[in-house]
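A.B. asks: Next up is a structure, given as structure tokens.
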Amino acid sequence: MGAGNDTTASTRAAGASAPVPAAAPPASSAEPTAEGRSTEFRAVEGGAEMQSGTALLTEAYAAIWLLALGLVLLGMRKLRRLEARLDGLSSEIARARADQAKKG
Amino acid sequence: MSESERASTGGGIAGGKGFLALLAASALSLVIALQVIFLKAPVEASMGIVQKIFYFHVPSAYGMYLGAFACFVGSAGYLAKGTPRMDALARAGAEIAVTMGLMVLITGPLWAAKAWGRYWTWDPRLTTSLLSVLVYVAYVVLRAFTGNGDAERKFAAALGVLGAANLPIIHYSVQKWGGQHPKVISNGGGGLRHPDMKLALTLGFLTFTLLAVTLLWQRVRLHLAAGRLDELEEEAIELGLAGDG
């Protein structure tokens with residue numbers, strides 16, 4: 001976008017009808033040649049530059065709170081189940097003892 | 001279940017008032033901590049936003065120490081007194097140590113990915129932390145898959161006592177052996193340079209203390225209830241009530 005505007009401005013300034021690049025690269029010996037182009041792709045070593053800090057932070061917090069909430073909720077569910085079983089068994093035992101007392 | 005039985009398992013199990021109050025306090029503390037960490041504490045100059053993992057990474061390591069300490073006290077208490085309450089405390093402590101330890105081992109590498117360019121390195125503090133979590137995983141697995149007899153409890157209690165020996169090694173590993181792990185708030189560290197950073201860390205510690213105590217309370221009650229259920233099942237078998245599930 002910016003390069004296009006520069007091109008138009010420089011074209012107007014020159015008064016020419018044909019568009020001329022504003023910053024045409026100077027012809028020099030540093031100009032890439034066909035032989036000098038990349039022939040392979042290599043990954044960044046370590047990969048830190050590719051990691052988004054925000055994404056890592058979000059993942060860390062999600063992991064923490066999933067673990068904590070998971071443990072609390074699973075614990076509460078297991079406690080409720082145990083309590084129900086304890087209540088049922090206690091009353092059954094009390095009934096059985098009462099029956100035994102009547103018989104004996 | 002009678003009131004005395006409820007009391008023996010730590011109160012009216014899933015919905016005990018004390019437990020719910022503690023859970024509410026933990027949740028409130030968490031909300032305030034999140035607010036301060038994300039909206040008030042400044043972004044760190046060299047590492048950027050990923051440094052905010054610190055405000056829960058360090059407190060979760062502290063929570064692991066709390067769980068491990070509870071496991072040590074419960075294990076030593078069980079070896080000395082042999083009471084189910086001490087055994088429940090040791091078991092609950094080991095579970096908290098594993099949970100908090102996993103938090104440390106997940107959040108640390110995520111931070112390291114950005115700060116060091118790799119998730120893991122065999123740095124002394126990282127290695128000793130992993131070793132400690134594995135000790136408590138061994139404790140939890142041992143209790144889950146072996147019987148609940150006195151011999152198994154004593155064996156686990158010995159592991160709980162010996163496992164605590166690694167905790168000071170984790171703490172002092174940074175000072176003694178160096179490595180890549182930062183030492184910002186321990187001896188020789190430069191500390192946090194902004195008051196809002198200090199506030200965020202303090203709230204992180206408060207939140208994880210409340211969370212560790214809440215979880216510890218709940219797990220102790222759960223193990224006491226499970227122990228009481230075992231006793232009642234034996235009583236039911238003696239009375240000829242077995243076979244109804």
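Lettering and numbering for the structure tokens are positional, with chains as A, B, ... in the shown order, residues counted from 1 in each chain, and ligands counted from 1 in the shown order.
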Taking only C-alpha atoms into account, which residues of chain A are within 12 Å of chain B, as a count of residues only?

C.D. replies: 57

A.B. asks: Separation of CA of Leu210 (chain B) and CA of Ala88 (chain B), in Å?

C.D. replies: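 Going from CA of Leu210 (chain B) over to CA of Ala88 (chain B) covers 19.2 Å.
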
A.B. asks: May I ask for the distance between CA of Ala25 (chain B) and CA of Leu192 (chain B), given in Å to one decimal place?

C.D. replies: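 About the pair CA of Ala25 (chain B) and CA of Leu192 (chain B): they are 26.3 Å apart.
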
A.B. asks: Determine, counting only C-alpha atoms, which protein, DNA and RNA residues have an atom within 8 Å of an atom of region 78-87 of chain B; residues of the same chain fewer than 5 positions away are not included. Present the result as a CSV table (one decimal) with C-alpha atoms, in the first residue's frame.

C.D. replies:
chain,number,residue,atom,x,y,z
B,73,VAL,CA,3.1,-35.1,59.3
B,153,ARG,CA,-0.3,-48.2,55.3
B,154,LYS,CA,3.0,-48.4,57.1
B,157,ALA,CA,3.9,-43.9,55.6
B,158,ALA,CA,7.6,-44.8,55.3
B,220,VAL,CA,-9.2,-36.1,54.4
B,224,LEU,CA,-12.2,-41.0,56.5
B,227,GLY,CA,-12.6,-46.0,56.0

A.B. asks: Work out how far CA of Ala164 (chain B) is from CA of Ala92 (chain B), in Å to one decimal.

C.D. replies: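 So the two atoms, CA of Ala92 (chain B) and CA of Ala164 (chain B), lie 14.6 Å apart.
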
A.B. asks: Taking 2 positions as the minimum chain separation for residues in the same chain, which residues sit within 10 Å of Ile169 (chain B) when counting only C-alpha atoms? Answer as an NGL selection string.

C.D. replies: :B and (124-125 or 128-129 or 132 or 164-167 or 171-174 or 176)
